[in-house]
Each structure stands twice: as C-alpha cells, then as structure tokens.
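Shown next: target_35.txt, given as compact mmCIF, C-alpha atoms.
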# COMPACT_ATOMS: atom_id res chain seq x y z
CA MET L 1 0.00 0.00 0.00
CA ASN L 2 1.12 3.54 -0.69
CA GLU L 3 2.10 5.51 2.38
CA LYS L 4 0.71 9.00 2.73
CA ALA L 5 0.86 11.10 5.86
CA GLY L 6 -2.11 12.84 7.42
CA ALA L 7 -1.99 16.36 8.82
CA ASP L 8 -0.93 15.00 12.23
CA GLY L 9 2.00 13.07 10.76
CA ALA L 10 0.30 9.67 10.97
CA ARG L 11 -0.50 7.53 7.96
CA THR L 12 -3.66 8.76 6.27
CA ARG L 13 -6.75 6.92 7.46
CA ILE L 14 -10.03 6.85 5.53
CA PHE L 15 -13.44 5.89 6.90
CA SER L 16 -16.72 5.69 5.04
CA GLY L 17 -19.85 3.57 5.09
CA VAL L 18 -23.16 2.61 3.54
CA GLN L 19 -26.55 2.35 5.20
CA PRO L 20 -28.57 -0.86 4.67
CA THR L 21 -31.81 1.06 4.23
CA GLY L 22 -32.40 -0.22 0.70
CA HIS L 23 -30.71 -2.01 -2.18
CA LEU L 24 -27.50 -0.26 -3.25
CA THR L 25 -27.83 1.85 -6.37
CA LEU L 26 -25.83 3.04 -9.34
CA GLY L 27 -25.43 6.27 -7.39
CA ASN L 28 -23.86 4.42 -4.46
CA TYR L 29 -21.52 2.61 -6.81
CA LEU L 30 -20.40 5.57 -8.94
CA GLY L 31 -20.39 8.06 -6.10
CA ALA L 32 -18.52 5.94 -3.58
CA MET L 33 -17.98 2.19 -3.89
CA ARG L 34 -16.02 2.13 -7.14
CA ARG L 35 -13.60 4.80 -5.96
CA TRP L 36 -13.16 3.00 -2.64
CA ALA L 37 -12.17 -0.15 -4.52
CA GLU L 38 -10.05 1.41 -7.26
CA VAL L 39 -8.33 4.22 -5.36
CA ASP L 40 -8.97 4.70 -1.67
CA GLN L 41 -8.15 1.26 -0.30
CA TYR L 42 -4.68 1.43 -1.89
CA ARG L 43 -3.66 4.97 -1.05
CA ALA L 44 -4.33 4.89 2.70
CA ASP L 45 -5.31 2.82 5.72
CA ALA L 46 -8.99 2.45 4.81
CA LEU L 47 -12.02 1.26 6.76
CA PHE L 48 -15.37 0.66 5.05
CA CYS L 49 -18.41 -0.05 7.17
CA VAL L 50 -22.02 -1.17 6.79
CA VAL L 51 -23.58 1.32 9.21
CA ASP L 52 -26.54 -0.81 10.22
CA LEU L 53 -27.32 1.11 13.43
CA HIS L 54 -28.27 4.12 11.31
CA ALA L 55 -30.99 2.01 9.67
CA LEU L 56 -32.84 1.89 13.00
CA THR L 57 -33.61 5.62 13.08
CA VAL L 58 -36.84 5.07 11.11
CA GLU L 59 -39.51 2.37 11.01
CA HIS L 60 -37.89 -0.85 9.77
CA ASP L 61 -38.31 -4.59 9.39
CA PRO L 62 -35.58 -6.38 11.42
CA ALA L 63 -35.28 -9.26 8.95
CA ARG L 64 -34.90 -6.80 6.06
CA VAL L 65 -32.20 -4.81 7.84
CA ARG L 66 -30.28 -8.03 8.52
CA ARG L 67 -30.68 -9.18 4.91
CA LEU L 68 -29.69 -5.83 3.41
CA SER L 69 -26.71 -5.53 5.76
CA ARG L 70 -25.27 -8.79 4.49
CA GLN L 71 -26.12 -7.87 0.90
CA ALA L 72 -24.39 -4.49 1.27
CA ALA L 73 -21.28 -6.10 2.75
CA THR L 74 -21.24 -8.67 -0.06
CA LEU L 75 -21.52 -5.91 -2.66
CA LEU L 76 -18.65 -3.99 -1.07
CA LEU L 77 -16.48 -7.06 -1.53
CA ALA L 78 -17.88 -7.70 -5.01
CA SER L 79 -17.01 -4.14 -6.02
CA GLY L 80 -13.36 -4.91 -5.38
CA LEU L 81 -12.64 -4.15 -1.73
CA ASP L 82 -9.91 -6.54 -0.62
CA PRO L 83 -9.99 -7.54 3.09
CA GLN L 84 -6.25 -8.16 2.84
CA VAL L 85 -5.78 -4.49 1.93
CA CYS L 86 -8.57 -2.64 3.79
CA THR L 87 -10.96 -3.27 6.68
CA VAL L 88 -14.58 -4.18 5.89
CA PHE L 89 -16.96 -4.59 8.82
CA VAL L 90 -20.43 -4.02 10.24
CA GLN L 91 -20.95 -1.11 12.64
CA SER L 92 -23.06 -2.92 15.25
CA GLN L 93 -20.33 -5.54 15.75
CA VAL L 94 -17.97 -2.87 17.14
CA ASP L 95 -19.24 -1.54 20.49
CA GLU L 96 -16.93 1.48 20.43
CA HIS L 97 -19.30 3.24 18.02
CA LEU L 98 -22.10 3.30 20.59
CA ARG L 99 -19.78 4.12 23.47
CA LEU L 100 -18.37 7.16 21.72
CA SER L 101 -21.77 8.20 20.35
CA TYR L 102 -22.94 9.13 23.86
CA LEU L 103 -19.91 11.34 24.39
CA MET L 104 -20.66 13.06 21.10
CA GLU L 105 -24.25 13.65 22.24
CA CYS L 106 -22.78 15.25 25.37
CA THR L 107 -20.58 17.46 23.18
CA ALA L 108 -23.17 18.54 20.61
CA SER L 109 -26.02 20.98 21.16
CA ASP L 110 -29.73 20.52 20.50
CA GLY L 111 -29.65 23.38 18.00
CA GLU L 112 -26.88 21.79 15.97
CA MET L 113 -28.83 18.57 15.66
CA ARG L 114 -32.05 20.29 14.63
CA ARG L 115 -30.27 22.28 11.92
CA MET L 116 -29.25 19.12 10.06
CA ILE L 117 -30.97 19.19 6.67
CA GLN L 118 -31.46 15.42 6.55
CA TYR L 119 -33.20 15.47 9.92
CA LYS L 120 -35.61 18.16 8.72
CA GLU L 121 -36.38 16.28 5.52
CA LYS L 122 -36.78 12.83 7.08
CA ALA L 123 -38.77 14.13 10.05
CA ALA L 124 -41.13 15.93 7.67
CA ARG L 125 -41.66 12.73 5.67
CA GLU L 126 -42.35 10.70 8.81
CA GLN L 127 -44.84 13.26 10.08
CA ALA L 128 -46.55 13.43 6.67
CA ARG L 129 -47.08 9.67 6.85
CA GLY L 130 -48.62 10.05 10.28
CA GLY L 131 -45.71 8.37 12.02
CA SER L 132 -43.75 9.50 15.04
CA VAL L 133 -40.20 10.80 14.72
CA ARG L 134 -37.70 8.70 16.67
CA LEU L 135 -35.23 10.50 18.92
CA SER L 136 -32.43 8.58 17.21
CA LEU L 137 -33.25 10.38 13.95
CA LEU L 138 -32.38 13.64 15.68
CA THR L 139 -29.24 12.35 17.39
CA TYR L 140 -27.82 10.09 14.70
CA PRO L 141 -25.27 12.72 13.53
CA ALA L 142 -23.62 12.13 16.92
CA LEU L 143 -23.33 8.44 16.06
CA MET L 144 -21.96 9.33 12.63
CA ALA L 145 -19.38 11.57 14.31
CA ALA L 146 -18.44 8.66 16.57
CA ASP L 147 -18.11 6.38 13.53
CA ILE L 148 -15.53 8.75 12.08
CA LEU L 149 -13.66 9.99 15.14
CA ALA L 150 -13.18 6.58 16.79
CA TYR L 151 -10.59 5.65 14.17
CA GLY L 152 -8.49 8.81 13.99
CA THR L 153 -9.90 9.36 10.51
CA HIS L 154 -8.20 11.95 8.30
CA GLU L 155 -10.46 11.74 5.24
CA VAL L 156 -14.16 10.95 4.82
CA PRO L 157 -15.17 10.32 1.18
CA VAL L 158 -18.88 11.15 1.03
CA GLY L 159 -21.48 12.60 -1.30
CA GLU L 160 -22.74 16.15 -1.06
CA ASP L 161 -25.75 15.10 1.02
CA GLN L 162 -23.50 13.97 3.89
CA ALA L 163 -21.08 16.91 3.83
CA GLN L 164 -23.02 18.78 6.52
CA HIS L 165 -22.65 15.83 8.89
CA VAL L 166 -18.89 15.72 8.36
CA GLU L 167 -18.69 19.45 9.09
CA LEU L 168 -20.55 18.80 12.36
CA THR L 169 -18.07 16.01 13.11
CA ARG L 170 -15.21 18.45 12.62
CA ASP L 171 -16.86 20.95 14.96
CA LEU L 172 -17.39 18.30 17.64
CA ALA L 173 -13.80 17.10 17.39
CA VAL L 174 -12.45 20.62 17.79
CA ARG L 175 -14.82 21.37 20.69
CA PHE L 176 -13.98 18.12 22.49
CA ASN L 177 -10.23 18.69 22.07
CA ARG L 178 -10.49 22.23 23.45
CA ARG L 179 -12.54 21.15 26.46
CA TYR L 180 -10.78 17.95 27.42
CA GLY L 181 -7.41 17.88 25.68
CA ALA L 182 -6.16 16.62 22.32
CA THR L 183 -8.01 13.36 21.70
CA PHE L 184 -9.40 13.32 18.16
CA VAL L 185 -8.07 13.91 14.68
CA VAL L 186 -10.13 16.59 12.90
CA PRO L 187 -11.23 14.91 9.64
CA ARG L 188 -11.80 16.47 6.24
CA THR L 189 -14.40 15.73 3.57
CA VAL L 190 -13.34 14.35 0.20
CA HIS L 191 -15.74 14.48 -2.77
CA PRO L 192 -15.37 12.17 -5.79
CA PRO L 193 -14.68 14.16 -8.99
CA VAL L 194 -17.46 12.85 -11.27
CA ALA L 195 -20.97 11.50 -10.65
CA ALA L 196 -20.70 12.20 -6.92
CA ARG L 197 -24.45 12.54 -6.77
CA VAL L 198 -26.23 10.60 -9.50
CA LYS L 199 -29.78 11.85 -9.94
CA ASP L 200 -33.01 9.89 -10.15
CA LEU L 201 -33.72 9.09 -13.81
CA GLN L 202 -37.38 10.06 -13.44
CA ASP L 203 -36.74 13.09 -11.21
CA PRO L 204 -33.32 14.50 -12.14
CA THR L 205 -33.62 17.27 -9.55
CA SER L 206 -33.23 14.75 -6.69
CA LYS L 207 -30.53 12.18 -6.00
CA MET L 208 -30.89 8.50 -6.86
CA GLY L 209 -31.79 7.21 -3.40
CA LYS L 210 -31.86 3.56 -2.38
CA SER L 211 -34.90 4.03 -0.12
CA HIS L 212 -37.13 5.77 -2.67
CA ALA L 213 -40.67 4.41 -2.82
CA ARG L 214 -40.80 4.96 -6.58
CA THR L 215 -38.13 2.84 -8.25
CA ALA L 216 -38.62 3.53 -11.97
CA GLY L 217 -35.81 6.08 -11.90
CA VAL L 218 -33.46 4.11 -9.66
CA VAL L 219 -30.89 1.71 -11.12
CA TYR L 220 -29.82 -0.88 -8.56
CA VAL L 221 -26.41 -2.53 -8.72
CA LEU L 222 -28.08 -5.95 -8.81
CA ASP L 223 -30.67 -5.06 -11.47
CA GLU L 224 -30.78 -7.44 -14.42
CA PRO L 225 -29.38 -5.92 -17.66
CA GLU L 226 -32.87 -5.74 -19.19
CA ALA L 227 -34.12 -3.70 -16.23
CA VAL L 228 -31.15 -1.32 -16.51
CA GLN L 229 -31.76 -0.84 -20.22
CA LYS L 230 -35.43 -0.10 -19.62
CA LYS L 231 -34.84 2.41 -16.83
CA VAL L 232 -32.10 4.34 -18.63
CA THR L 233 -33.86 4.50 -22.00
CA ARG L 234 -36.99 5.82 -20.26
CA ALA L 235 -35.07 8.51 -18.37
CA VAL L 236 -36.72 11.92 -18.26
CA THR L 237 -34.96 14.52 -20.41
CA ASP L 238 -36.77 17.42 -22.11
CA ALA L 239 -38.39 18.46 -25.37
CA GLU L 240 -35.25 19.89 -26.97
CA PRO L 241 -33.94 17.59 -29.72
CA ASP L 242 -30.22 18.28 -29.29
CA VAL L 243 -27.81 17.36 -26.48
CA SER L 244 -26.03 19.91 -24.30
CA TYR L 245 -24.49 19.82 -20.85
CA GLU L 246 -26.41 22.39 -18.81
CA PRO L 247 -27.09 20.96 -15.32
CA GLU L 248 -29.30 23.82 -14.16
CA ARG L 249 -31.40 24.22 -17.30
CA ARG L 250 -31.38 20.60 -18.53
CA PRO L 251 -30.86 18.39 -15.47
CA GLY L 252 -32.10 15.17 -17.09
CA VAL L 253 -29.69 15.37 -20.03
CA ALA L 254 -26.85 16.46 -17.73
CA ASN L 255 -27.51 13.47 -15.46
CA LEU L 256 -27.23 11.03 -18.38
CA LEU L 257 -24.02 12.69 -19.58
CA GLU L 258 -22.52 12.47 -16.08
CA VAL L 259 -23.49 8.80 -15.81
CA LEU L 260 -21.97 8.04 -19.22
CA ALA L 261 -18.81 9.95 -18.32
CA ALA L 262 -18.47 8.05 -15.06
CA CYS L 263 -19.06 4.66 -16.68
CA ALA L 264 -17.18 5.00 -19.95
CA GLY L 265 -14.73 7.83 -19.30
CA GLY L 266 -14.58 11.36 -20.62
CA GLU L 267 -15.98 14.71 -19.60
CA PRO L 268 -19.73 15.45 -19.75
CA GLN L 269 -19.17 18.64 -21.76
CA ARG L 270 -17.07 16.85 -24.36
CA LEU L 271 -19.45 13.90 -24.58
CA ALA L 272 -22.37 16.22 -25.27
CA GLU L 273 -20.67 17.31 -28.51
CA GLU L 274 -20.73 13.71 -29.77
CA TYR L 275 -24.54 13.36 -29.74
CA ASP L 276 -27.25 14.95 -31.82
CA SER L 277 -30.18 13.25 -30.05
CA CYS L 278 -31.15 12.18 -26.55
CA GLY L 279 -32.16 8.77 -27.88
CA ALA L 280 -28.60 7.96 -28.93
CA LEU L 281 -27.29 9.26 -25.60
CA LYS L 282 -29.71 7.06 -23.66
CA LYS L 283 -28.74 3.99 -25.68
CA ASP L 284 -25.03 4.45 -25.06
CA ALA L 285 -25.52 5.34 -21.40
CA ALA L 286 -27.62 2.21 -20.84
CA GLU L 287 -25.00 -0.03 -22.49
CA ALA L 288 -22.21 1.60 -20.48
CA VAL L 289 -24.04 1.04 -17.20
CA VAL L 290 -24.82 -2.61 -18.02
CA GLU L 291 -21.21 -3.39 -18.92
CA MET L 292 -19.80 -1.61 -15.88
CA LEU L 293 -22.08 -3.49 -13.47
CA ARG L 294 -21.72 -6.90 -15.14
CA PRO L 295 -18.57 -8.06 -13.28
CA VAL L 296 -19.88 -6.72 -9.96
CA ARG L 297 -23.10 -8.71 -10.30
CA ALA L 298 -21.14 -11.84 -11.25
CA ARG L 299 -18.79 -11.54 -8.27
CA HIS L 300 -21.74 -10.86 -5.95
CA ALA L 301 -23.38 -14.10 -7.08
CA GLU L 302 -20.19 -16.03 -6.26
CA LEU L 303 -19.87 -14.50 -2.80
CA ALA L 304 -23.58 -14.83 -2.00
CA ALA L 305 -23.31 -18.56 -2.65
CA ASP L 306 -20.88 -18.81 0.29
CA PRO L 307 -22.25 -16.54 3.05
CA GLY L 308 -19.93 -18.11 5.61
CA GLN L 309 -16.98 -16.60 3.77
CA VAL L 310 -18.54 -13.14 3.91
CA ASP L 311 -19.36 -13.50 7.61
CA ALA L 312 -15.76 -14.51 8.34
CA VAL L 313 -14.47 -11.42 6.55
CA LEU L 314 -16.84 -9.20 8.54
CA LEU L 315 -15.91 -10.72 11.89
CA ALA L 316 -12.20 -10.36 11.16
CA GLY L 317 -12.80 -6.76 10.08
CA ALA L 318 -14.74 -6.02 13.27
CA GLU L 319 -11.92 -7.44 15.37
CA ARG L 320 -9.38 -5.17 13.70
CA ALA L 321 -11.74 -2.19 13.97
CA ARG L 322 -12.16 -2.77 17.71
CA GLY L 323 -8.39 -2.84 18.09
CA LEU L 324 -8.07 0.49 16.31
CA ALA L 325 -10.99 2.26 18.01
CA GLY L 326 -10.71 0.92 21.56
CA PRO L 327 -7.70 2.90 22.81
CA ARG L 328 -9.00 6.21 21.47
CA VAL L 329 -12.50 5.72 22.85
CA ASP L 330 -11.05 4.67 26.23
CA ALA L 331 -8.93 7.83 26.20
CA ALA L 332 -12.02 9.93 25.46
CA PHE L 333 -13.89 8.36 28.38
CA GLU L 334 -11.05 9.17 30.73
CA ALA L 335 -10.69 12.68 29.29
CA VAL L 336 -14.28 13.60 30.23
CA GLY L 337 -13.80 12.37 33.79
CA LEU L 338 -15.02 8.77 33.74
CA LEU L 339 -13.19 6.06 35.62
CA PRO L 340 -11.05 3.71 33.49
CA LYS L 341 -12.37 0.22 32.77
CA ARG L 342 -9.31 -1.44 34.26
Could you show the structure in this file as structure tokens?
Amino acid sequence: MNEKAGADGARTRIFSGVQPTGHLTLGNYLGAMRRWAEVDQYRADALFCVVDLHALTVEHDPARVRRLSRQAATLLLASGLDPQVCTVFVQSQVDEHLRLSYLMECTASDGEMRRMIQYKEKAAREQARGGSVRLSLLTYPALMAADILAYGTHEVPVGEDQAQHVELTRDLAVRFNRRYGATFVVPRTVHPPVAARVKDLQDPTSKMGKSHARTAGVVYVLDEPEAVQKKVTRAVTDAEPDVSYEPERRPGVANLLEVLAACAGGEPQRLAEEYDSCGALKKDAAEAVVEMLRPVRARHAELAADPGQVDAVLLAGAERARGLAGPRVDAAFEAVGLLPKR
C-alpha cells in the first residue's frame, strides 16, 4: 500500500460507510464504492463499514435490515474491496461506536442537531405519513461523528448530502479537544470528482436514493441488464432535440451525460458534442451502465453462494476495527472524567 501522511504526521486513514436502508444503487456505486475499490483502499489505511445502526432511526423490518446488511457487505467485496488491503466490517459488531456516540451527544447541542438538513427532511416525511419521529433520527449525527472519530480518521469520502454531517463532526472534534485535551483527529471531507451525486432518472432534480418508494428512476447494482436498459432509456430529459451539458437548465440530459462519463470515461461537456439526439445518448448510457455493473453482479453471485466466507471477513474486520478504536474511545472516556475500565 502507498504511504501517505495525514496532517498530524500519521499515515492517512479513511473511513466511510453505507446504510442498509435499501438495495444499493448506481449512485452508491459511482459516487462511492467504485472509488473506494479502485483508489482509496490502496492509497491509505482504509475502513469501510455497513452502518446498520443508522438504519434503526426510522420504522424498519428487522429481517430486512439483517438481509440488506449482508447484501451491502457482499456488494462492497464484489465491487473490489480486498480484506487483505482494507478493513470491511459491520458497525453494530464494534461496540466502540455506541460508546463514543454518547460522548458526542454530550458534546453537541440541540440546536446543531435540529439544523441538520437530513433530519428536517426525514422528520417531515415521517410526520406526513402520520408516524412519530424517533429520537435517534435527531441524534444520529452524533453516532456518525463517533463512527468517524473513533478511528483517527483523516479523510471521509462522502457525497454532497452527507457533507453537513462531516462538518458537524469536525466541529465536535475541535470542541472536544479544546474542552478535554487533544483526543481526536479533525477529519476532512473528500468528494469524488465525477458523478458524486447521480440523480433519479425520473426526477433529475433529486438524488438516486436507495430508499425511494418509486423505483422507476433508480438503477440498482443488482438489477438485471434488461431492467437497466429499460430504466435508462426511459429517463426523463426534455423536449429539446439536441444534447447539451447544462445541469441547471437541462438536469435530465446532464444526469445522463454524467453517468456516461463516469461509466465509460470522458468529460460530460465533451461527450455532449458527440450526440445529436437524446435517444442515442440514452442507448449508449444504458449499455455503459450494463457493462460496468456486469462483473460486480457476477462476483456478488459467487460471494452470496458462500455466506460463511462473507461473515468470516466481517468478523475479522470487526476485530481489527475494535483494536483500532478501543484505545481512542477509552482515552475519550477518561478525558471527560469517567473512571477507566481497568
């Protein structure tokens, strides 16, 4: 692995994760998973986590959470993450996340939590459905901060929708260090260069989310090729016959160009010059997506046929994660005035 120093002189450490709140999408793959596999795991000490505790902040089916957690972990491995190179694990199997989460709740303010955009949006959706809003939905940015800070993380590769949470994590780390002494590394956000936030094919003004109720505009990593072709060729564009890259004015066309650029290479602006119709663009984008996902789907099928192998990887990853997080979380407990465990 390449050695690269963080701001504190230590080897750069990366942490990121996926929530098992739905089947992983093309957006998850292009915006995060592919870069983790091709770049991040080799350039630093990298940890990638299925953050299953975050899936409990809203109404959920326990069996589905368990099934999607294993599926997400299997897809991380199928996308190319190598457990001999990086650490792949499940959040709930490492107790340090919950231990540190409470200290982060004691460091954050109520106002900070209520200003989180995702809390406002998700709480509004829950209330519109007539459901109650769980306290954990309000406080889960404290758990996310714990996820990151427990490992001395230098870089957090995330999409734009999670950037606010990483900024809160930075604030909490600085505040904790000032109050109780230098304990945490202050992390920084890293955004992928292209297709960081793939849009819904039927609603190109919103991101392609894995928990969307309407799935016609969502391409899932495990979709059959025929389903991918159908969804991409039916993508919403506009009435203009030509192709141009104008994200604000023509979001549907821009989304397809960004997807094609991410899958097949090139720049969206340059690719736009090669097409004189949206139909041709859709055809090529669909084929590019199918071919890019083909080896991932094949590797997933192999791994899913031997779930014991996947479980062994996750348990080994959790053991290493505990070894990395334990000393720092213990130090944080002592820093705030709690008695040591031993």
Quiz item: CA of Lys199 (chain L) and CA of Leu138 (chain L) are how many Å apart?
Solution: 25.8 Å
Practice problem: Compile the contact shell of Ala285 (chain L) as a PyMOL selection string: residues with an atom at most 12 Å away, counting all atoms listed in the file, same-chain residues fewer than 6 positions apart removed. | Solution: chain L and resi 201+228-235+253-265+268+271-272+275+278-279+291-292
Output C-alpha atoms of each residue in that selection to a file, as a short mmCIF file (atom, residue, chain, number, x, y, z; two decimals), keeping the file's coordinate frame.
data_model
loop_
_atom_site.label_atom_id
_atom_site.label_comp_id
_atom_site.auth_asym_id
_atom_site.auth_seq_id
_atom_site.Cartn_x
_atom_site.Cartn_y
_atom_site.Cartn_z
CA LEU L 201 -33.72 9.09 -13.81
CA VAL L 228 -31.15 -1.32 -16.51
CA GLN L 229 -31.76 -0.84 -20.22
CA LYS L 230 -35.43 -0.10 -19.62
CA LYS L 231 -34.84 2.41 -16.83
CA VAL L 232 -32.10 4.34 -18.63
CA THR L 233 -33.86 4.50 -22.00
CA ARG L 234 -36.99 5.82 -20.26
CA ALA L 235 -35.07 8.51 -18.37
CA VAL L 253 -29.69 15.37 -20.03
CA ALA L 254 -26.85 16.46 -17.73
CA ASN L 255 -27.51 13.47 -15.46
CA LEU L 256 -27.23 11.03 -18.38
CA LEU L 257 -24.02 12.69 -19.58
CA GLU L 258 -22.52 12.47 -16.08
CA VAL L 259 -23.49 8.80 -15.81
CA LEU L 260 -21.97 8.04 -19.22
CA ALA L 261 -18.81 9.95 -18.32
CA ALA L 262 -18.47 8.05 -15.06
CA CYS L 263 -19.06 4.66 -16.68
CA ALA L 264 -17.18 5.00 -19.95
CA GLY L 265 -14.73 7.83 -19.30
CA PRO L 268 -19.73 15.45 -19.75
CA LEU L 271 -19.45 13.90 -24.58
CA ALA L 272 -22.37 16.22 -25.27
CA TYR L 275 -24.54 13.36 -29.74
CA CYS L 278 -31.15 12.18 -26.55
CA GLY L 279 -32.16 8.77 -27.88
CA GLU L 291 -21.21 -3.39 -18.92
CA MET L 292 -19.80 -1.61 -15.88
#
Quiz prompt | Straight-line distance linking CA of Ala78 (chain L) with CA of Gly323 (chain L), stated in Å to one decimal | solution = 25.4 Å
Quiz item: Within 12 Å of Pro327 (chain L), counting only C-alpha atoms, which residues qualify if same-chain residues fewer than 4 places away don't, as a VMD selection string?
Solution: chain L and resid 96 100 150 to 152 183 to 184 321 to 323 331 to 334 340 to 341
Self-check item: Counting only C-alpha atoms, the option among L:Val336, L:Leu315, L:Val174, L:Ala37 closest to Gln93 (chain L)
Solution: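 Looking at the shortest contact to Gln93 (chain L), the residue is L:Leu315.
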Quiz item: With distances taken over all atoms listed in the file, which of L:Gly252, L:Gly308, L:Gly209, L:Pro241 is nearest to Gly27 (chain L)?
Solution: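 Ranked by minimum distance to Gly27 (chain L), first place goes to L:Gly209.
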Self-check item: Residues within 12 Å of (-38.2, 0.5, 10.6), counting only C-alpha atoms, listed as a VMD selection string
Solution: chain L and resid 20 to 22 52 to 66 126 131 to 134 136 to 137 211
Quiz item: Which residues come within 12 Å of Ala32 (chain L), counting all atoms listed in the file, excluding same-chain residues fewer than 5 positions away, as a PyMOL selection string?
Solution: chain L and resi 15-18+24-27+37-41+48+76+79+81+156-160+190-198+262
Can I get the selection written as a PDB file, in the coordinates of the input, with C-alpha atoms?
ATOM      1  CA  PHE L  15     -13.440   5.890   6.900  1.00  0.00           C
ATOM      2  CA  SER L  16     -16.720   5.690   5.040  1.00  0.00           C
ATOM      3  CA  GLY L  17     -19.850   3.570   5.090  1.00  0.00           C
ATOM      4  CA  VAL L  18     -23.160   2.610   3.540  1.00  0.00           C
ATOM      5  CA  LEU L  24     -27.500  -0.260  -3.250  1.00  0.00           C
ATOM      6  CA  THR L  25     -27.830   1.850  -6.370  1.00  0.00           C
ATOM      7  CA  LEU L  26     -25.830   3.040  -9.340  1.00  0.00           C
ATOM      8  CA  GLY L  27     -25.430   6.270  -7.390  1.00  0.00           C
ATOM      9  CA  ALA L  37     -12.170  -0.150  -4.520  1.00  0.00           C
ATOM     10  CA  GLU L  38     -10.050   1.410  -7.260  1.00  0.00           C
ATOM     11  CA  VAL L  39      -8.330   4.220  -5.360  1.00  0.00           C
ATOM     12  CA  ASP L  40      -8.970   4.700  -1.670  1.00  0.00           C
ATOM     13  CA  GLN L  41      -8.150   1.260  -0.300  1.00  0.00           C
ATOM     14  CA  PHE L  48     -15.370   0.660   5.050  1.00  0.00           C
ATOM     15  CA  LEU L  76     -18.650  -3.990  -1.070  1.00  0.00           C
ATOM     16  CA  SER L  79     -17.010  -4.140  -6.020  1.00  0.00           C
ATOM     17  CA  LEU L  81     -12.640  -4.150  -1.730  1.00  0.00           C
ATOM     18  CA  VAL L 156     -14.160  10.950   4.820  1.00  0.00           C
ATOM     19  CA  PRO L 157     -15.170  10.320   1.180  1.00  0.00           C
ATOM     20  CA  VAL L 158     -18.880  11.150   1.030  1.00  0.00           C
ATOM     21  CA  GLY L 159     -21.480  12.600  -1.300  1.00  0.00           C
ATOM     22  CA  GLU L 160     -22.740  16.150  -1.060  1.00  0.00           C
ATOM     23  CA  VAL L 190     -13.340  14.350   0.200  1.00  0.00           C
ATOM     24  CA  HIS L 191     -15.740  14.480  -2.770  1.00  0.00           C
ATOM     25  CA  PRO L 192     -15.370  12.170  -5.790  1.00  0.00           C
ATOM     26  CA  PRO L 193     -14.680  14.160  -8.990  1.00  0.00           C
ATOM     27  CA  VAL L 194     -17.460  12.850 -11.270  1.00  0.00           C
ATOM     28  CA  ALA L 195     -20.970  11.500 -10.650  1.00  0.00           C
ATOM     29  CA  ALA L 196     -20.700  12.200  -6.920  1.00  0.00           C
ATOM     30  CA  ARG L 197     -24.450  12.540  -6.770  1.00  0.00           C
ATOM     31  CA  VAL L 198     -26.230  10.600  -9.500  1.00  0.00           C
ATOM     32  CA  ALA L 262     -18.470   8.050 -15.060  1.00  0.00           C
TER      33      ALA L 262
END
Exercise. Find the distance between CA of Ser206 (chain L) and CA of Pro251 (chain L) and write it in Å to one decimal.
Key: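 Interatomic distance here is 9.8 Å.
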Quiz item: Can you find the residues with an atom no farther than 12 Å from (-20.5, 11.8, 19.2), counting all atoms listed in the file, and report them as an MDAnalysis selection string?
Solution: chainID L and resid 96:109 113 139:150 165:166 168:173 175:176 184 329 332:333
Self-check item: Test item: residues at most 6 Å from Cys49 (chain L), all atoms listed in the file, excluding those fewer than 3 positions along its chain, as a PyMOL selection string
Solution: chain L and resi 17+88-90
As lines of an AutoDock Vina configuration file: centre and edge lengths in Å, one decimal, of the axis-aligned box holding region 235-243 of chain L with 5 Å per side:
center_x = -33.1
center_y = 14.2
center_z = -24.0
size_x = 20.6
size_y = 21.4
size_z = 21.5
